[in-house]
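Quick notes on the structure that follows.
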Amino acid sequence: MAVIRDMAIFVSEYHKGNMRALIRLLLSFDNLMITIATCIAALLLYVVPQNFDFLSPLSQALGDVDLTDIVLSQLRGDDHVDVDTSIVLVNIGNGDRAQIAEQLRNISRFEPAAVGLDAFFLAQKDVELDSALARALAATPNLVMVSRLEADDDGTSFHDLVRSRPEFGHSAYTGFANLVTEEEKDVKTCREVSFEEKVDGRTEPSFPIALATIVAPDKARTALAREQTTETINFRGNLGSFYHIDVEQSLDPGADLSVVKGKVVLMGFLGDYIGEKSVEDKFFTPMNEQYVGRSLPDMYGVVIHANVLSMILSGEYIATATFAQNLLLGMCVLVLNVLTFTYIYTRYEAWYDTLALAIQLVESLAIFYGTIVLFDDYHVKINPTPALLGVFLVGTVHDLYQDSLKKIILRTFRKKRAEQ
């Protein structure tokens, strides 16, 4: 009971605003050395795996794991579908230009609000097929076709914009379909998106922004006004989170496609047929059910675009903490732990190991839970790694300092003083 009482008194000092005493405690030689040593240990844990090839696979596998992936893959999976009824996905399969033209004509009859076509037509082919497609594209109101940004060799800027041939969509809007992936990892996961980019002296919007500009220009302006280099995608879900139409249904002239009326239609590749196990034009995303050690990509590119568009239209963005904010949180956790562990070690050394382990366990669970709740309920994304390092390392470093490093420092200091 005495331990709990004294701990309560210690904690109350923080709430009383007794900052002068706390600063003196923090700046004490022992606590300062423990804090510095823990920071060095954390830095080594970050640097060493990246510079040794035999640790590289482990580093890459762990680096591709994001705690918020648990929220997206487990809490927003197929069993927790929240359908966005404003977007309809249409599978174009591996059809030729005549097939796509027929799909466009059938869909246009039911007056969608806008149509986005995630396909390129870069070369001339059969004259008759090309003409049929060109007529269908020209007759489709509020059409957005994809473009592709070509990056410079250093990957820091874009020098060219690739579009379909002029006869295909000369009256259509365009938006780039490039997705932001983590290129430095063997497993490339798409978690972020860019809303617009500078290329060849002009600004090109992304594919979802171009569509949003047509159906909800105020929402598009809000998205661009955020002025973020990249946005974390607030994934609604995979294919099951959107109305979708397969190839055969969209080709049937007698099919009732009234579901597209007043909706945004995204046409793109969803396999030869919906449900086919295919990896073509698929990406790894946080929605992957196997969020550790992923082996197969899980989401088609056009479905990612649908998720981005859904985020824009709903206005439900993710507020992502900066590196400095994550680091500050980690330092606060570290400093609090150093003060707490030193207090327990000084006053209740016999209880130290038990209390230290209990504190680390409770804090770790609290950080995990807090990260998930912030993301799922409040759309705030933090990186808990710095805070967790402040929890995991401080106990070991504290023991090492008290049992070894402190004695070495004192012995060295006394020896030098004796020599003087």
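By convention in this document, the chains of the structure tokens carry letters A, B, ... by their order, each chain's residues are numbered from 1, and ligands are numbered from 1 in the order they are shown.
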
Sorted by chain and rising residue number, list the residues of range 134-191 of chain A at most 12 Å from range 233-257 of chain A (counting only C-alpha atoms), each with its closest atom pair and distance in Å to one decimal, as JSON lines.
```
{"residue": "A:Leu179", "atom": "CA", "partner": "A:Ile233", "partner_atom": "CA", "distance": 10.9}
{"residue": "A:Val180", "atom": "CA", "partner": "A:Ile233", "partner_atom": "CA", "distance": 10.3}
{"residue": "A:Thr181", "atom": "CA", "partner": "A:Ile233", "partner_atom": "CA", "distance": 11.8}
{"residue": "A:Thr189", "atom": "CA", "partner": "A:Ile233", "partner_atom": "CA", "distance": 11.7}
{"residue": "A:Cys190", "atom": "CA", "partner": "A:Ile233", "partner_atom": "CA", "distance": 8.6}
{"residue": "A:Arg191", "atom": "CA", "partner": "A:Ile233", "partner_atom": "CA", "distance": 5.8}
```

- Message: I want to know what sits within 10 Å of Ala220 in chain A, based on only C-alpha atoms, with residues of the same chain fewer than 3 positions away left out; could you give that as a list in words?
- Response: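 Returned residues: Phe195, Pro208, Ile209, Ala210, Leu211, Ala212, Thr213, Ile214, Val215, Ala216, Pro217, Ala223, Leu224, Ala225, Leu309, Ile312, Leu313 and Gly315 of chain A.
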
Go ahead and write the residues just picked, N, CA and C atoms, as a PDB file, in the first residue's frame.
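Wrote result.pdb, looks like this:
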```
ATOM      1  N   PHE A 195      -3.091  14.659 -54.715  1.00  0.00           N
ATOM      2  CA  PHE A 195      -4.280  15.233 -55.340  1.00  0.00           C
ATOM      3  C   PHE A 195      -3.972  16.013 -56.617  1.00  0.00           C
ATOM      4  N   PRO A 208      -9.284  10.978 -59.209  1.00  0.00           N
ATOM      5  CA  PRO A 208     -10.437  11.214 -58.334  1.00  0.00           C
ATOM      6  C   PRO A 208     -10.785  12.697 -58.184  1.00  0.00           C
ATOM      7  N   ILE A 209      -9.777  13.571 -58.142  1.00  0.00           N
ATOM      8  CA  ILE A 209     -10.049  15.007 -58.019  1.00  0.00           C
ATOM      9  C   ILE A 209     -10.774  15.523 -59.256  1.00  0.00           C
ATOM     10  N   ALA A 210     -10.381  15.049 -60.437  1.00  0.00           N
ATOM     11  CA  ALA A 210     -11.040  15.478 -61.675  1.00  0.00           C
ATOM     12  C   ALA A 210     -12.512  15.079 -61.663  1.00  0.00           C
ATOM     13  N   LEU A 211     -12.812  13.886 -61.159  1.00  0.00           N
ATOM     14  CA  LEU A 211     -14.200  13.445 -61.064  1.00  0.00           C
ATOM     15  C   LEU A 211     -14.971  14.255 -60.027  1.00  0.00           C
ATOM     16  N   ALA A 212     -14.334  14.499 -58.880  1.00  0.00           N
ATOM     17  CA  ALA A 212     -14.981  15.277 -57.823  1.00  0.00           C
ATOM     18  C   ALA A 212     -15.263  16.701 -58.284  1.00  0.00           C
ATOM     19  N   THR A 213     -14.397  17.251 -59.113  1.00  0.00           N
ATOM     20  CA  THR A 213     -14.589  18.609 -59.629  1.00  0.00           C
ATOM     21  C   THR A 213     -15.873  18.720 -60.427  1.00  0.00           C
ATOM     22  N   ILE A 214     -16.272  17.625 -61.073  1.00  0.00           N
ATOM     23  CA  ILE A 214     -17.502  17.619 -61.867  1.00  0.00           C
ATOM     24  C   ILE A 214     -18.738  17.493 -60.985  1.00  0.00           C
ATOM     25  N   VAL A 215     -18.716  16.526 -60.064  1.00  0.00           N
ATOM     26  CA  VAL A 215     -19.937  16.207 -59.310  1.00  0.00           C
ATOM     27  C   VAL A 215     -20.069  16.997 -58.006  1.00  0.00           C
ATOM     28  N   ALA A 216     -18.961  17.443 -57.449  1.00  0.00           N
ATOM     29  CA  ALA A 216     -19.001  18.187 -56.176  1.00  0.00           C
ATOM     30  C   ALA A 216     -17.813  19.140 -56.126  1.00  0.00           C
ATOM     31  N   PRO A 217     -17.850  20.213 -56.908  1.00  0.00           N
ATOM     32  CA  PRO A 217     -16.694  21.119 -56.998  1.00  0.00           C
ATOM     33  C   PRO A 217     -16.273  21.707 -55.663  1.00  0.00           C
ATOM     34  N   ALA A 223     -10.597  19.644 -50.770  1.00  0.00           N
ATOM     35  CA  ALA A 223      -9.483  18.685 -50.798  1.00  0.00           C
ATOM     36  C   ALA A 223      -8.181  19.366 -51.192  1.00  0.00           C
ATOM     37  N   LEU A 224      -8.229  20.195 -52.228  1.00  0.00           N
ATOM     38  CA  LEU A 224      -7.018  20.870 -52.701  1.00  0.00           C
ATOM     39  C   LEU A 224      -6.557  21.929 -51.714  1.00  0.00           C
ATOM     40  N   ALA A 225      -7.498  22.531 -50.981  1.00  0.00           N
ATOM     41  CA  ALA A 225      -7.142  23.575 -50.015  1.00  0.00           C
ATOM     42  C   ALA A 225      -6.365  23.019 -48.822  1.00  0.00           C
ATOM     43  N   LEU A 309     -11.890   8.788 -54.071  1.00  0.00           N
ATOM     44  CA  LEU A 309     -13.038   9.616 -54.420  1.00  0.00           C
ATOM     45  C   LEU A 309     -14.068   9.619 -53.290  1.00  0.00           C
ATOM     46  N   ILE A 312     -12.935  11.964 -50.623  1.00  0.00           N
ATOM     47  CA  ILE A 312     -13.108  13.367 -51.020  1.00  0.00           C
ATOM     48  C   ILE A 312     -14.569  13.786 -50.881  1.00  0.00           C
ATOM     49  N   LEU A 313     -15.480  12.954 -51.383  1.00  0.00           N
ATOM     50  CA  LEU A 313     -16.902  13.304 -51.372  1.00  0.00           C
ATOM     51  C   LEU A 313     -17.477  13.310 -49.955  1.00  0.00           C
ATOM     52  N   GLY A 315     -15.580  13.894 -47.246  1.00  0.00           N
ATOM     53  CA  GLY A 315     -14.825  14.842 -46.430  1.00  0.00           C
ATOM     54  C   GLY A 315     -14.186  14.220 -45.209  1.00  0.00           C
TER      55      GLY A 315
END
```

- prompt: Closest to Leu374 in chain A among A:Val144, A:Leu43, A:Ala319, A:Val260, using only C-alpha atoms?
  reply: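 For Leu374 in chain A, the nearest of the candidates is A:Ala319.
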
One residue among A:Thr35, A:Thr174, A:Ser108, A:Ser131 is nearest to Tyr401 in chain A when using only C-alpha atoms, and that residue is A:Thr35

| said: Could you list, as an NGL selection string, every residue within 12 Å of Arg109 in chain A, counting only C-alpha atoms and ignoring same-chain residues fewer than 2 positions away? | reply: :A and (102-107 or 111-113 or 136 or 139-141 or 250 or 253-262)

Range 119-234 of chain A: which residues are alpha helix (DSSP H) by DSSP, as a PyMOL selection string? chain A and resi 127-138+207-215+217-225

Next on the checklist: Please report the interatomic distance between CA of Val115 in chain A and CA of Pro286 in chain A in Å with one decimal.
Outcome noted: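 One can read the CA of Val115 in chain A to CA of Pro286 in chain A distance as 26.8 Å.
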
Near Gly301 in chain A, within 7 Å and counting only C-alpha atoms, which residues show up once chain neighbours fewer than 4 positions away are dropped, as number ranges by chain?
A: 281-283, 305

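Closest approach to Asn142 in chain A among A:Ser86, A:Ser157, A:Ser171, A:Thr229: A:Ser171, based on only C-alpha atoms.
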
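Here CA of Val127 in chain A stands at a distance of 22.3 Å from CA of Val146 in chain A.
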
For the atom pair CA of Gly275 in chain A and CA of Ala132 in chain A, what is the interatomic distance in Å to one decimal place?
->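 These two atoms are separated by 29.1 Å.
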
- Query: With only C-alpha atoms as the atoms that count, which of A:Cys39, A:Ile70, A:Leu45, A:Leu329 lies nearest to Asp376 in chain A?
  - Reply: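 Result for the nearest residue to Asp376 in chain A: A:Ile70.
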
Strand (DSSP E or B) call set, DSSP backbone run, range 178-212 of chain A, as number ranges by chain
A: 180, 189, 192-193, 196-199, 202-206
